[in-house]
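Data block below; observations after.
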Amino acid sequence: MNWVLVLEQALNGLQLGLLLFLLAAGLTLVFGIMDLVNLAHGSLYMMGAYFCATFTKLTGSFLLGCLFALPATLLLGVITEIVALRTLYSRDHLDHVLATFGLILFFNEFVRLVWGPAGLSIPLPPFLKTSIEILPGVPYPTYRLAVIGASLAVAAGLYWLVVKTRIGMLIRAGASNREMVGALGVDIKLLYTLVFGLGAAMAGFAGMMAAPILTVQIGMGENVLILAFVVIVIGGIGSVRGAFISSLLVGMIDTLGRTIIPALLLLVLPPVAASTAAPAIASMLIYLLMAVVLFFKPEGLFAPRG
Amino acid sequence: MTKVSIGLVSALALMAAPAMAQIKIGFISTFSGPQAVIGNDMKNSVELALQHLGGKMAGQTVTMIYEDDQFKPEVGKQKTDKLIEQDKVNFVTGYIWSNVLLASYKSVVDANTILVSANAGPSQLAGDQCNENFFAVSWQNDQTPMAMGEALNAKGVKSIYTMSPNYAAGRDMAAGVKSTFKGRVVGEDYTRWPDQLDFSAELSKVRAAKPDALFVFYPGAHGVQILTQYEQSGLKGQVPLYTAYTIDALSLPLQKEAALGVLGTQHWVNDINNPANRKFVGDFKTKHGTYPSFYGQQSYDAIMLIASAVEGTKGNVRDIKALRTELKKANFQSTRGAFKFGNNQFPIQNFYLQETVKDTDGKLTLKTVQTVFTNHQDLHASKCPMK
């Protein structure tokens with residue numbers, strides 16, 4: 001274990017964490033403000049990636065592809081909210097889960113019909129395809145650096161929106177007390193549509209960023225959604241700040257765990273047992289973290305005050 | 001009048017049913033999710049095999065029943081039970097995944113029904129758990145990476161790093177390459193399967209370990225992710241990549257140029273020159289416009305093997321003993337050329353080094369470079385009590 005490897009792994013963890021944040025931010029807003037359990041959030045992540053793949057193919061440029069796919073995902077989010085989710089707000093969480101699970105099936109089948117089962121790959125422009133030396137002798141994939149940069153920019157934009165603007169004020173107010181916001185004469189319906197669209201756009205953006213690394217596939221959002229739920233539970237439901245910090249925490253722990261656990265186990269176990277146990281233990285770490293956080297702070301690290 | 005005719009028709013149908021002898025074959029594969037691409041290719045090849053057979057074996061109509069394992073061992077087992085208990089099939093074949101096969105095979109062999117694996121070849125079933133009702137028409141998991149280990153020796157590679165998923169086949173693959181490779185194994189990683197798609201942490205470890213070569217086994221859709229991430233990591237040019245079951249006709253359209261020049265080993269390549277293979281590859285390309293994958297080739301061979309045994313017993317598929325004897329003869333023209341079964345009913349066959357190239361139409365495809373093993377038998381055969 002040398003410092004170059006640790007640095008590289010820290011960057012890997014940061015990149016994974018930021019990607020998770022893009023997904024978790026929308027999820028936590030929708031859950032916290034609209035009190036809607038949205039299992040279909042991962043489907044919006046998938047749709048973002050499919051839109052991006054299609055527009056990239058049409059325009060021949062990944063950057064243009066993202067530029068077109070972003071409003072497309074936002075629009076899809078708004079339409080989904082108006083058509084399918086609006087009637088669910090007054091119902092209980094079980095109905096949310098059932099309905100949005102139905103949406104997952106709908107989107108997966110829709111993608112299979114339109115794009116086929118094979119999945120798509122998004123070609124990167126040559127300058128993003130290789131690696132650059134971040135320090136002498138320490139190369140790092142250019143694209144992953146770009147993902148870190150883009151995600152940080154989105155996080156900063158979201159911070160500005162939530163903390164500095166009037167809409168942000170309403171969003172924060174909605175997270176603390178929805179009824180009161182409605183009672184004060186704010187058009188809560190419009191606010192909900194807006195928040196859901198924003199969440200969809202960020203989920204779609206996460207999908208676009210992940211697509212060139214992970215390729216575009218049916219059901220690609222389902223695995224990552226589990227992680228996103230872990231993130232918002234740790235961070236405190238409804239808190240964007242909590243989502244940011246806990247996604248970085250989860251990203252770091254998951255990545256460093258995959259590096260350190262196998263090395264540690266090798267010291268105490270025979271190689272065969274160590275190599276079998278290491279991936280299992282490494283993947284448990286974030287759930288352990290969640291359990292510990294819930295034990296000491298059942299509301300999550302940064303729960304909005306009600 | 002209508003009532004009478006309905007009655008007549010149903011009476012006729014009932015009378016006709018027992019007279020029409022038919023062979024029922026159950027086929028388990030993955031037909032949903034991203035791995036459905038493999039299942040569809042297998043199904044296409046099975047349909048082609050039946051077309052070549054005229055839809056009949058020993059004069060009896062063949063009915064295929066396809067079931068989706070959803071890439072999950074527990075679902076695979078349920079579907080296998082359904083094929084045995086409800087559909088009462090004569091043969092069960094298919095099975096992409098070793099973990100699905102391991103969960104399912106007992107349901108078949110204990111019901112005294114023949115199971116022909118068209119892909120998965122876990123070490124357990126080749127060794128002490130071998131069974132007279134189980135045949136593999138593909139390979140034993142370790143064999144292909146063993147050929148890779150040998151090819152690495154020939155290339156003068158001194159140290160390798162291995163990466164594979166943490167499940168039955170992933171472990172067999174790493175064991176296989178280590179069993180023949182004479183140099184040092186400087187690191188090995190088993191990644192979470194099937195949900196880990198991001199290999200950044202592992203690739204960083206590879207870079208830090210500075211091996212002469214990186215060996216990976218990532219079948220199906222995961223093969224695309226590992227290749228793109230390997231390319232993006234900048235390891236290309238530093239640590240050459242060697243593969244088993246990672247680049248095939250199904251993943252190439254997504255891997256694109258990232259696969260060019262990457263070497264792998266396989267028991268069959270689409271350019272293998274024999275009449276059966278020319279017919280299979282040629283007709284497949286005409287029908288579907290793409291090259292068949294090795295998954296398809298094995299499924300085609302599985303149907304041809306079953307057909308040879310049904311012909312051999314003159315259609316008397318109830319006589320399981322005679323059926324086994326006929327299957328064991330492997331009296332069919334395999335698309336891979338020479339083929340026979342060892343004592344554990346796994347194939348003894350050649351293994352080739354293959355490379356990704358562009359064909360004359362500019363399409364990416366695989367090409368045989370050289371033969372690595374001739375008539376190779378797996379290591380576990382000696383642990384199988386069958387003679």
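How things are named: the first chain in the structure tokens is A, the next is B, and so on; residues count from 1 in each chain; ligands count from 1 in the order shown.
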- Message: Excluding Phe199 of chain B and its own-chain neighbours fewer than 2 positions away, which residues fall within 12 Å of it when counting only C-alpha atoms? Please give them as a PyMOL selection string.
- Response: (chain A and resi 9+12-13+16+213-214+254-255+258-259) or (chain B and resi 163-165+189-193+195-197+201-206+216+218+222-233)
- Message: List as a PyMOL selection string the protein and nucleic acid residues near segment 372-380 of chain B, meaning an atom at most 10 Å away when only C-alpha atoms are counted, but skip any in the same chain fewer than 3 places from it.
- Response: chain B and resi 123-128+130+139-144+146-151+154+176+179+265-267+338-344+346-353+369+383-384
Set out as JSON lines a contact list for chain A and chain B with a cut-off of 7 Å, giving each residue of chain A that qualifies its closest atom pair and distance in Å to one decimal, counting only C-alpha atoms, ordered by chain and rising residue number.
```
{"residue": "A:Leu5", "atom": "CA", "partner": "B:Ala208", "partner_atom": "CA", "distance": 6.2}
{"residue": "A:Glu8", "atom": "CA", "partner": "B:Ser204", "partner_atom": "CA", "distance": 6.7}
{"residue": "A:Gln9", "atom": "CA", "partner": "B:Ala201", "partner_atom": "CA", "distance": 5.9}
{"residue": "A:Asn12", "atom": "CA", "partner": "B:Ser200", "partner_atom": "CA", "distance": 6.3}
{"residue": "A:Pro117", "atom": "CA", "partner": "B:Pro34", "partner_atom": "CA", "distance": 6.0}
{"residue": "A:Ala118", "atom": "CA", "partner": "B:Val37", "partner_atom": "CA", "distance": 5.6}
{"residue": "A:Gly119", "atom": "CA", "partner": "B:Pro34", "partner_atom": "CA", "distance": 6.6}
{"residue": "A:Leu120", "atom": "CA", "partner": "B:Leu254", "partner_atom": "CA", "distance": 6.4}
{"residue": "A:Ser121", "atom": "CA", "partner": "B:Leu254", "partner_atom": "CA", "distance": 5.4}
{"residue": "A:Lys129", "atom": "CA", "partner": "B:Gln232", "partner_atom": "CA", "distance": 5.2}
{"residue": "A:Thr130", "atom": "CA", "partner": "B:Gln232", "partner_atom": "CA", "distance": 4.9}
{"residue": "A:Ser131", "atom": "CA", "partner": "B:Gly234", "partner_atom": "CA", "distance": 5.0}
{"residue": "A:Tyr140", "atom": "CA", "partner": "B:Ser233", "partner_atom": "CA", "distance": 6.5}
{"residue": "A:Pro141", "atom": "CA", "partner": "B:Ser233", "partner_atom": "CA", "distance": 4.8}
{"residue": "A:Ile213", "atom": "CA", "partner": "B:Gln229", "partner_atom": "CA", "distance": 6.1}
{"residue": "A:Leu214", "atom": "CA", "partner": "B:Gln225", "partner_atom": "CA", "distance": 5.3}
{"residue": "A:Thr215", "atom": "CA", "partner": "B:Gln225", "partner_atom": "CA", "distance": 6.4}
{"residue": "A:Gln217", "atom": "CA", "partner": "B:Pro34", "partner_atom": "CA", "distance": 6.0}
{"residue": "A:Ile218", "atom": "CA", "partner": "B:Pro34", "partner_atom": "CA", "distance": 5.9}
{"residue": "A:Gly219", "atom": "CA", "partner": "B:Gly33", "partner_atom": "CA", "distance": 6.8}
{"residue": "A:Asn223", "atom": "CA", "partner": "B:Asp195", "partner_atom": "CA", "distance": 6.4}
{"residue": "A:Thr255", "atom": "CA", "partner": "B:Ala201", "partner_atom": "CA", "distance": 6.0}
{"residue": "A:Arg258", "atom": "CA", "partner": "B:Ala201", "partner_atom": "CA", "distance": 6.8}
{"residue": "A:Thr259", "atom": "CA", "partner": "B:Ala201", "partner_atom": "CA", "distance": 6.6}
{"residue": "A:Ser275", "atom": "CA", "partner": "B:Tyr190", "partner_atom": "CA", "distance": 6.7}
{"residue": "A:Pro279", "atom": "CA", "partner": "B:Arg192", "partner_atom": "CA", "distance": 5.9}
```
- Message: Taking 3 positions as the minimum chain separation for residues in the same chain, which residues sit within 7 Å of Met47 of chain A when counting only C-alpha atoms? Answer as a PyMOL selection string.
- Response: chain A and resi 43-44+50-51+73+204
So that I have them on file, write out the residues from the current selection with C-alpha atoms, as a PDB file, in the first residue's frame.
```
ATOM      1  CA  SER A  43     -35.568   4.586 -13.950  1.00  0.00           C
ATOM      2  CA  LEU A  44     -35.072   8.320 -14.535  1.00  0.00           C
ATOM      3  CA  TYR A  50     -30.656   6.267 -22.896  1.00  0.00           C
ATOM      4  CA  PHE A  51     -31.565   9.810 -23.990  1.00  0.00           C
ATOM      5  CA  THR A  73     -35.136  14.005 -18.749  1.00  0.00           C
ATOM      6  CA  GLY A 204     -30.749  11.789 -15.548  1.00  0.00           C
TER       7      GLY A 204
END
```
- Provide the atom CA of Val97 of chain A to atom CA of Thr30 of chain B distance in Å, to one decimal place. 26.8 Å
- From segment 14-217 of chain B, collect each residue whose DSSP state is strand (DSSP E or B) and return the set as a ChimeraX atom specification. /B:22-29,56-57,60-68,91-94,114-117,134-136,159-165,184-191,213-216
- Which of these, A:Ala150, A:Asp95, A:Thr54, A:Leu194, has the shortest distance to Ile79 of chain A once you count only C-alpha atoms? A:Leu194
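Counting from atom CA of Val250 of chain A, the distance to atom CA of Ile286 of chain A is 6.1 Å.
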- Quick one: pick out all helix (DSSP H, G or I) residues within segment 87-296 of chain B from a backbone DSSP run and write them as a PyMOL selection string. chain B and resi 98-109+123-126+143-154+168-180+200-209+222-232+252-259+275-288+294-296
- Message: When you count only C-alpha atoms, which of these residues is closest to Leu249 of chain A: A:Val4, A:Ala40, A:Met220, A:Leu14?
- Response: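 Selected residue with least distance to Leu249 of chain A: A:Leu14.
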- Which residue out of A:Ile226, A:Val83, A:Ile134, A:Ile122 has the minimum interatomic distance to Leu58 of chain A when only C-alpha atoms are used?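 With only C-alpha atoms as the atom set, the closest residue is A:Ile122.
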